[in-house]
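Structure data follow from query_13.json (JSON, C-alpha atoms):
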```
[["chain", "number", "residue", "atom", "x", "y", "z"],
["A", 1, "MET", "CA", 123.43, 71.68, 145.43],
["A", 2, "GLU", "CA", 125.21, 72.14, 142.11],
["A", 3, "LYS", "CA", 122.85, 69.70, 140.38],
["A", 4, "PHE", "CA", 119.80, 71.51, 141.81],
["A", 5, "VAL", "CA", 121.03, 74.90, 140.56],
["A", 6, "SER", "CA", 121.73, 73.50, 137.10],
["A", 7, "ILE", "CA", 118.21, 71.99, 136.93],
["A", 8, "ILE", "CA", 116.69, 75.35, 137.83],
["A", 9, "ASN", "CA", 118.90, 77.12, 135.27],
["A", 10, "MET", "CA", 118.04, 74.71, 132.46],
["A", 11, "PHE", "CA", 114.31, 74.50, 133.21],
["A", 12, "ALA", "CA", 113.74, 78.15, 134.14],
["A", 13, "PRO", "CA", 110.96, 78.78, 131.57],
["A", 14, "GLU", "CA", 109.10, 75.65, 132.62],
["A", 15, "ILE", "CA", 109.40, 76.58, 136.30],
["A", 16, "ILE", "CA", 108.16, 80.11, 135.60],
["A", 17, "LEU", "CA", 105.16, 78.75, 133.71],
["A", 18, "ALA", "CA", 104.35, 76.27, 136.50],
["A", 19, "ILE", "CA", 104.41, 79.15, 139.00],
["A", 20, "THR", "CA", 102.15, 81.13, 136.66],
["A", 21, "ILE", "CA", 99.59, 78.31, 136.59],
["A", 22, "THR", "CA", 99.59, 78.19, 140.38],
["A", 23, "VAL", "CA", 99.20, 81.96, 140.77],
["A", 24, "ASN", "CA", 96.44, 82.07, 138.13],
["A", 25, "CYS", "CA", 94.55, 79.40, 140.06],
["A", 26, "LEU", "CA", 94.87, 81.50, 143.22],
["A", 27, "LEU", "CA", 93.84, 84.68, 141.40],
["A", 28, "ALA", "CA", 90.66, 82.97, 140.19],
["A", 29, "PHE", "CA", 89.08, 83.76, 143.57],
["A", 30, "ILE", "CA", 89.12, 87.56, 143.13],
["A", 31, "PRO", "CA", 86.02, 89.48, 141.90],
["A", 32, "LYS", "CA", 85.19, 88.74, 138.27],
["A", 33, "ASP", "CA", 84.81, 92.33, 137.04],
["A", 34, "ILE", "CA", 88.55, 93.07, 137.20],
["A", 35, "SER", "CA", 89.99, 89.59, 136.99],
["A", 36, "TYR", "CA", 90.21, 89.26, 133.20],
["A", 37, "LYS", "CA", 92.65, 92.17, 132.95],
["A", 38, "ILE", "CA", 94.79, 90.71, 135.72],
["A", 39, "PHE", "CA", 94.89, 87.27, 134.07],
["A", 40, "LYS", "CA", 95.68, 88.69, 130.66],
["A", 41, "TRP", "CA", 98.55, 90.88, 131.83],
["A", 42, "PHE", "CA", 99.95, 88.40, 134.33],
["A", 43, "THR", "CA", 100.03, 85.68, 131.66],
["A", 44, "ALA", "CA", 101.64, 88.00, 129.10],
["A", 45, "ILE", "CA", 104.25, 89.15, 131.63],
["A", 46, "SER", "CA", 105.07, 85.58, 132.68],
["A", 47, "LEU", "CA", 105.49, 84.53, 129.03],
["A", 48, "THR", "CA", 107.86, 87.48, 128.57],
["A", 49, "ILE", "CA", 109.86, 86.58, 131.69],
["A", 50, "ALA", "CA", 110.05, 82.94, 130.58],
["A", 51, "THR", "CA", 111.34, 84.06, 127.19],
["A", 52, "LEU", "CA", 113.93, 86.35, 128.74],
["A", 53, "SER", "CA", 115.09, 83.56, 131.07],
["A", 54, "LEU", "CA", 116.18, 81.57, 128.02],
["A", 55, "PHE", "CA", 118.82, 84.18, 127.21],
["A", 56, "VAL", "CA", 120.23, 84.08, 130.72],
["A", 57, "THR", "CA", 120.29, 80.37, 131.45],
["A", 58, "GLN", "CA", 120.57, 78.24, 128.30],
["A", 59, "THR", "CA", 123.57, 79.55, 126.40],
["A", 60, "GLU", "CA", 125.85, 76.51, 126.33],
["A", 61, "MET", "CA", 126.39, 74.17, 123.41],
["A", 62, "ASN", "CA", 126.78, 71.16, 125.73],
["A", 63, "TYR", "CA", 124.00, 68.64, 126.21],
["A", 64, "HIS", "CA", 122.60, 68.42, 129.74],
["A", 65, "TYR", "CA", 120.54, 65.36, 130.68],
["A", 66, "PHE", "CA", 118.09, 65.44, 133.61],
["A", 67, "PHE", "CA", 115.71, 63.14, 135.43],
["A", 68, "GLY", "CA", 117.25, 59.85, 134.38],
["A", 69, "ASN", "CA", 118.02, 61.05, 130.83],
["A", 70, "ALA", "CA", 114.32, 61.83, 130.27],
["A", 71, "PHE", "CA", 114.97, 65.45, 129.28],
["A", 72, "VAL", "CA", 117.86, 67.05, 127.44],
["A", 73, "THR", "CA", 118.68, 70.74, 127.05],
["A", 74, "ASN", "CA", 121.18, 72.61, 124.91],
["A", 75, "ILE", "CA", 121.31, 75.75, 122.78],
["A", 76, "TYR", "CA", 119.15, 74.20, 120.03],
["A", 77, "THR", "CA", 116.31, 73.33, 122.39],
["A", 78, "ALA", "CA", 116.57, 76.86, 123.77],
["A", 79, "PHE", "CA", 116.08, 78.24, 120.27],
["A", 80, "VAL", "CA", 112.98, 76.13, 119.65],
["A", 81, "LYS", "CA", 111.66, 77.05, 123.11],
["A", 82, "PHE", "CA", 112.13, 80.70, 122.19],
["A", 83, "ILE", "CA", 110.04, 80.22, 119.04],
["A", 84, "ILE", "CA", 107.31, 78.41, 121.00],
["A", 85, "LEU", "CA", 107.18, 81.10, 123.69],
["A", 86, "MET", "CA", 106.99, 83.88, 121.11],
["A", 87, "CYS", "CA", 104.15, 82.11, 119.27],
["A", 88, "PHE", "CA", 102.14, 81.64, 122.45],
["A", 89, "PHE", "CA", 102.81, 85.26, 123.41],
["A", 90, "LEU", "CA", 101.37, 86.38, 120.07],
["A", 91, "ILE", "CA", 98.39, 84.07, 120.58],
["A", 92, "MET", "CA", 97.85, 85.68, 123.97],
["A", 93, "MET", "CA", 98.01, 89.19, 122.54],
["A", 94, "TYR", "CA", 95.74, 88.47, 119.58],
["A", 95, "SER", "CA", 93.12, 86.73, 121.71],
["A", 96, "ARG", "CA", 92.63, 89.60, 124.15],
["A", 97, "THR", "CA", 89.32, 90.59, 122.53],
["A", 98, "SER", "CA", 87.91, 87.10, 123.03],
["A", 99, "ILE", "CA", 89.07, 87.18, 126.64],
["A", 100, "LYS", "CA", 87.37, 90.54, 127.09],
["A", 101, "LEU", "CA", 84.09, 89.21, 125.65],
["A", 102, "GLN", "CA", 84.04, 86.22, 128.00],
["A", 103, "LYS", "CA", 85.31, 87.67, 131.25],
["A", 104, "ASP", "CA", 84.12, 84.72, 133.32],
["A", 105, "ASN", "CA", 86.27, 82.26, 131.39],
["A", 106, "ALA", "CA", 89.49, 84.32, 131.48],
["A", 107, "PRO", "CA", 91.15, 82.22, 134.22],
["A", 108, "TYR", "CA", 90.43, 78.99, 132.35],
["A", 109, "TYR", "CA", 91.66, 80.33, 129.02],
["A", 110, "CYS", "CA", 94.90, 81.74, 130.46],
["A", 111, "ASN", "CA", 95.64, 78.57, 132.40],
["A", 112, "ALA", "CA", 94.85, 76.36, 129.40],
["A", 113, "LEU", "CA", 97.18, 78.47, 127.25],
["A", 114, "ILE", "CA", 99.98, 78.21, 129.81],
["A", 115, "VAL", "CA", 99.46, 74.43, 130.19],
["A", 116, "ALA", "CA", 99.70, 74.01, 126.40],
["A", 117, "THR", "CA", 102.86, 76.15, 126.39],
["A", 118, "LEU", "CA", 104.38, 74.12, 129.22],
["A", 119, "GLY", "CA", 103.63, 70.88, 127.38],
["A", 120, "ALA", "CA", 105.20, 72.20, 124.18],
["A", 121, "LEU", "CA", 108.34, 73.29, 126.04],
["A", 122, "LEU", "CA", 108.64, 69.89, 127.70],
["A", 123, "LEU", "CA", 108.08, 68.17, 124.36],
["A", 124, "VAL", "CA", 111.08, 69.95, 122.87],
["A", 125, "SER", "CA", 113.31, 68.63, 125.65],
["A", 126, "ALA", "CA", 111.84, 65.11, 125.77],
["A", 127, "ASN", "CA", 114.40, 62.37, 125.30],
["A", 128, "ASN", "CA", 112.48, 59.12, 125.79],
["A", 129, "LEU", "CA", 109.05, 57.75, 125.02],
["A", 130, "ILE", "CA", 107.48, 58.28, 128.45],
["A", 131, "SER", "CA", 108.53, 61.94, 128.65],
["A", 132, "VAL", "CA", 107.16, 62.43, 125.11],
["A", 133, "PHE", "CA", 103.79, 60.98, 126.15],
["A", 134, "ILE", "CA", 103.66, 63.16, 129.29],
["A", 135, "SER", "CA", 104.53, 66.26, 127.27],
["A", 136, "LEU", "CA", 101.93, 65.41, 124.63],
["A", 137, "LEU", "CA", 99.37, 64.93, 127.42],
["A", 138, "PHE", "CA", 100.03, 68.47, 128.71],
["A", 139, "THR", "CA", 99.89, 69.95, 125.22],
["A", 140, "THR", "CA", 96.70, 68.10, 124.30],
["A", 141, "LEU", "CA", 95.05, 68.95, 127.61],
["A", 142, "GLY", "CA", 95.72, 72.65, 127.09],
["A", 143, "GLY", "CA", 94.54, 72.51, 123.49],
["A", 144, "VAL", "CA", 91.31, 70.70, 124.38],
["A", 145, "LEU", "CA", 90.56, 73.19, 127.15],
["A", 146, "ILE", "CA", 91.13, 76.11, 124.79],
["A", 147, "ALA", "CA", 88.89, 74.55, 122.12]]
```
Would you put the structure from the file into structure tokens?
Amino acid sequence: MEKFVSIINMFAPEIILAITITVNCLLAFIPKDISYKIFKWFTAISLTIATLSLFVTQTEMNYHYFFGNAFVTNIYTAFVKFIILMCFFLIMMYSRTSIKLQKDNAPYYCNALIVATLGALLLVSANNLISVFISLLFTTLGGVLIA
């Protein structure tokens, strides 16, 4: 149980973003005239919560290895994750006019942005070649969907 709690504490932003992707996929079934506002605000709020979770969970200087030493977390990875989350939050805020113009594509844009964010966060923590390739796959997939 202790190992499970430590995994949740160290990967809290990634877990929050994975839940956001799932909820955005479920919200895609609501009427399209109000959905773009819901996607925009829900994505912005989840990025804020993921950023705030870094200050609560990842405050130790020690290295923590997870999933067969595939991922490592410490205070330095938390700092880089903070920078990544703030950049994607600013991207989300500055792209609200393009989301408003294409209301039908709001779910796809928000999910692609969150997938790219999730891939970037995993890439910071990657510790071996396979986890780097998986993280790059997520980041590239999100970037291609946004483009």
Counting only C-alpha atoms, the residue of A:Ile19, A:Ile114, A:Leu121, A:Ile49 that sits nearest A:Ile91 =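 Among the listed residues, A:Ile114 lies closest to A:Ile91.
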Using all atoms listed in the file: which of A:Asn111, A:Ser46, A:Ser95, A:Ser53 has the shortest distance to A:Leu27 |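 Among A:Asn111, A:Ser46, A:Ser95, A:Ser53, it is A:Asn111 that comes nearest to A:Leu27.
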Top pick for closest residue to A:Ala44, considering A:Cys87, A:Met10, A:Cys25, A:Val80 and counting only C-alpha atoms =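 Ranking A:Cys87, A:Met10, A:Cys25, A:Val80 by distance to A:Ala44, first place goes to A:Cys87.
Between atom CA of A:Ser125 and atom CA of A:Trp41 the interatomic distance comes to 27.4 Å.
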Within 12 Å of A:Ile83, counting all atoms listed in the file, which residues qualify if same-chain residues fewer than 6 places away don't, as a ChimeraX atom specification?
-> /A:47,50-51,54,76-77,89-90,117,120-121,124
In terms of the shortest atom-to-atom distance over all atoms listed in the file, which of A:Ala12, A:Met86, A:Leu17, A:Met93 is closest to A:Val115?
->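 Counting all atoms listed in the file, the residue closest to A:Val115 is A:Leu17.
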How many Å lie between atom CA of A:Tyr36 and atom CA of A:Ala106, rounded to one decimal?
->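 Between atom CA of A:Tyr36 and atom CA of A:Ala106 the gap works out to 5.3 Å.
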Nearest-residue call for A:Gln102, choices A:Lys37, A:Ile134, A:Ala116, A:Leu129, using all atoms listed in the file |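 When distances to A:Gln102 are compared using all atoms listed in the file, the smallest one comes from A:Lys37.
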Taking all atoms of stretch 128-135 of chain A that the file lists, what box with edges along x, y and z, padded by 5 Å per side, do you get, with centre and edge lengths in Å to one decimal, as JSON?
```
{"center_x": 108.1, "center_y": 62.0, "center_z": 127.2, "size_x": 18.8, "size_y": 18.5, "size_z": 14.3}
```
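Across A:Leu113, A:Ile45, A:Leu101, A:Ile84, the tightest approach to A:Gly143 is made by A:Leu113 when counting all atoms listed in the file.
For the pair atom CA of A:Phe55 and atom CA of A:Ile15, the separation is 15.1 Å.
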From the structure just shown, export stretch 76-90 of chain A with all heavy atoms as an mmCIF file, in the first residue's frame.
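Here's the written file decode.cif:
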```
data_model
loop_
_atom_site.group_PDB
_atom_site.id
_atom_site.type_symbol
_atom_site.label_atom_id
_atom_site.label_comp_id
_atom_site.auth_asym_id
_atom_site.auth_seq_id
_atom_site.Cartn_x
_atom_site.Cartn_y
_atom_site.Cartn_z
ATOM 1 N N TYR A 76 14.051 18.204 -9.068
ATOM 2 C CA TYR A 76 14.450 18.815 -10.337
ATOM 3 C C TYR A 76 13.450 18.484 -11.443
ATOM 4 O O TYR A 76 13.126 19.347 -12.259
ATOM 5 C CB TYR A 76 15.857 18.373 -10.722
ATOM 6 C CG TYR A 76 16.860 18.667 -9.641
ATOM 7 C CD1 TYR A 76 17.510 17.654 -8.970
ATOM 8 C CD2 TYR A 76 17.128 19.983 -9.278
ATOM 9 C CE1 TYR A 76 18.412 17.924 -7.972
ATOM 10 C CE2 TYR A 76 18.021 20.272 -8.272
ATOM 11 C CZ TYR A 76 18.667 19.239 -7.624
ATOM 12 O OH TYR A 76 19.546 19.520 -6.622
ATOM 13 N N THR A 77 12.987 17.247 -11.486
ATOM 14 C CA THR A 77 11.951 16.907 -12.468
ATOM 15 C C THR A 77 10.656 17.641 -12.155
ATOM 16 O O THR A 77 9.923 18.000 -13.073
ATOM 17 C CB THR A 77 11.701 15.389 -12.509
ATOM 18 O OG1 THR A 77 11.293 14.934 -11.224
ATOM 19 C CG2 THR A 77 12.921 14.636 -12.965
ATOM 20 N N ALA A 78 10.384 17.881 -10.880
ATOM 21 C CA ALA A 78 9.189 18.645 -10.519
ATOM 22 C C ALA A 78 9.292 20.081 -11.023
ATOM 23 O O ALA A 78 8.299 20.657 -11.477
ATOM 24 C CB ALA A 78 8.986 18.626 -9.008
ATOM 25 N N PHE A 79 10.476 20.657 -10.975
ATOM 26 C CA PHE A 79 10.662 22.017 -11.477
ATOM 27 C C PHE A 79 10.434 22.087 -12.985
ATOM 28 O O PHE A 79 9.754 22.993 -13.483
ATOM 29 C CB PHE A 79 12.066 22.522 -11.124
ATOM 30 C CG PHE A 79 12.382 23.860 -11.700
ATOM 31 C CD1 PHE A 79 11.742 25.000 -11.221
ATOM 32 C CD2 PHE A 79 13.299 23.987 -12.719
ATOM 33 C CE1 PHE A 79 12.026 26.245 -11.755
ATOM 34 C CE2 PHE A 79 13.587 25.228 -13.265
ATOM 35 C CZ PHE A 79 12.949 26.354 -12.783
ATOM 36 N N VAL A 80 10.979 21.135 -13.717
ATOM 37 C CA VAL A 80 10.805 21.128 -15.170
ATOM 38 C C VAL A 80 9.341 20.830 -15.527
ATOM 39 O O VAL A 80 8.797 21.410 -16.466
ATOM 40 C CB VAL A 80 11.773 20.120 -15.830
ATOM 41 C CG1 VAL A 80 11.540 20.026 -17.317
ATOM 42 C CG2 VAL A 80 13.207 20.512 -15.545
ATOM 43 N N LYS A 81 8.697 19.961 -14.751
ATOM 44 C CA LYS A 81 7.269 19.706 -14.969
ATOM 45 C C LYS A 81 6.447 20.965 -14.725
ATOM 46 O O LYS A 81 5.477 21.227 -15.440
ATOM 47 C CB LYS A 81 6.784 18.580 -14.053
ATOM 48 C CG LYS A 81 7.237 17.205 -14.458
ATOM 49 C CD LYS A 81 6.723 16.177 -13.480
ATOM 50 C CE LYS A 81 7.227 14.800 -13.820
ATOM 51 N NZ LYS A 81 6.697 13.779 -12.907
ATOM 52 N N PHE A 82 6.837 21.751 -13.736
ATOM 53 C CA PHE A 82 6.153 23.016 -13.477
ATOM 54 C C PHE A 82 6.271 23.956 -14.676
ATOM 55 O O PHE A 82 5.285 24.581 -15.089
ATOM 56 C CB PHE A 82 6.733 23.673 -12.224
ATOM 57 C CG PHE A 82 6.222 25.051 -11.967
ATOM 58 C CD1 PHE A 82 4.941 25.246 -11.495
ATOM 59 C CD2 PHE A 82 7.022 26.152 -12.219
ATOM 60 C CE1 PHE A 82 4.462 26.524 -11.266
ATOM 61 C CE2 PHE A 82 6.556 27.429 -11.987
ATOM 62 C CZ PHE A 82 5.268 27.615 -11.516
ATOM 63 N N ILE A 83 7.453 24.041 -15.257
ATOM 64 C CA ILE A 83 7.651 24.903 -16.425
ATOM 65 C C ILE A 83 6.814 24.411 -17.600
ATOM 66 O O ILE A 83 6.176 25.204 -18.304
ATOM 67 C CB ILE A 83 9.149 24.971 -16.785
ATOM 68 C CG1 ILE A 83 9.911 25.711 -15.693
ATOM 69 C CG2 ILE A 83 9.359 25.641 -18.135
ATOM 70 C CD1 ILE A 83 11.402 25.677 -15.867
ATOM 71 N N ILE A 84 6.786 23.105 -17.819
ATOM 72 C CA ILE A 84 5.995 22.539 -18.915
ATOM 73 C C ILE A 84 4.509 22.812 -18.716
ATOM 74 O O ILE A 84 3.805 23.227 -19.649
ATOM 75 C CB ILE A 84 6.264 21.022 -19.041
ATOM 76 C CG1 ILE A 84 7.672 20.776 -19.559
ATOM 77 C CG2 ILE A 84 5.246 20.352 -19.955
ATOM 78 C CD1 ILE A 84 8.117 19.344 -19.478
ATOM 79 N N LEU A 85 4.012 22.595 -17.505
ATOM 80 C CA LEU A 85 2.593 22.833 -17.245
ATOM 81 C C LEU A 85 2.227 24.305 -17.399
ATOM 82 O O LEU A 85 1.148 24.621 -17.917
ATOM 83 C CB LEU A 85 2.230 22.326 -15.852
ATOM 84 C CG LEU A 85 2.126 20.812 -15.716
ATOM 85 C CD1 LEU A 85 2.060 20.418 -14.256
ATOM 86 C CD2 LEU A 85 0.910 20.300 -16.459
ATOM 87 N N MET A 86 3.096 25.198 -16.981
ATOM 88 C CA MET A 86 2.806 26.622 -17.144
ATOM 89 C C MET A 86 2.806 27.020 -18.617
ATOM 90 O O MET A 86 1.971 27.822 -19.046
ATOM 91 C CB MET A 86 3.815 27.468 -16.361
ATOM 92 C CG MET A 86 3.664 27.364 -14.859
ATOM 93 S SD MET A 86 1.987 27.652 -14.266
ATOM 94 C CE MET A 86 1.714 29.318 -14.776
ATOM 95 N N CYS A 87 3.712 26.464 -19.401
ATOM 96 C CA CYS A 87 3.735 26.762 -20.839
ATOM 97 C C CYS A 87 2.480 26.264 -21.533
ATOM 98 O O CYS A 87 1.878 26.982 -22.344
ATOM 99 C CB CYS A 87 4.972 26.148 -21.483
ATOM 100 S SG CYS A 87 6.499 26.949 -21.016
ATOM 101 N N PHE A 88 2.046 25.061 -21.220
ATOM 102 C CA PHE A 88 0.838 24.543 -21.846
ATOM 103 C C PHE A 88 -0.404 25.278 -21.347
ATOM 104 O O PHE A 88 -1.374 25.427 -22.083
ATOM 105 C CB PHE A 88 0.708 23.036 -21.630
ATOM 106 C CG PHE A 88 1.493 22.240 -22.623
ATOM 107 C CD1 PHE A 88 2.706 21.683 -22.287
ATOM 108 C CD2 PHE A 88 1.021 22.057 -23.903
ATOM 109 C CE1 PHE A 88 3.438 20.958 -23.199
ATOM 110 C CE2 PHE A 88 1.731 21.334 -24.832
ATOM 111 C CZ PHE A 88 2.950 20.785 -24.489
ATOM 112 N N PHE A 89 -0.386 25.768 -20.114
ATOM 113 C CA PHE A 89 -1.494 26.587 -19.628
ATOM 114 C C PHE A 89 -1.574 27.891 -20.419
ATOM 115 O O PHE A 89 -2.664 28.329 -20.805
ATOM 116 C CB PHE A 89 -1.330 26.878 -18.132
ATOM 117 C CG PHE A 89 -2.428 27.712 -17.563
ATOM 118 C CD1 PHE A 89 -3.661 27.139 -17.272
ATOM 119 C CD2 PHE A 89 -2.247 29.058 -17.324
ATOM 120 C CE1 PHE A 89 -4.681 27.905 -16.746
ATOM 121 C CE2 PHE A 89 -3.265 29.831 -16.799
ATOM 122 C CZ PHE A 89 -4.487 29.249 -16.511
ATOM 123 N N LEU A 90 -0.431 28.509 -20.679
ATOM 124 C CA LEU A 90 -0.422 29.738 -21.473
ATOM 125 C C LEU A 90 -0.854 29.473 -22.912
ATOM 126 O O LEU A 90 -1.567 30.287 -23.515
ATOM 127 C CB LEU A 90 0.958 30.379 -21.433
ATOM 128 C CG LEU A 90 1.376 30.957 -20.082
ATOM 129 C CD1 LEU A 90 2.809 31.457 -20.142
ATOM 130 C CD2 LEU A 90 0.429 32.064 -19.675
#
```
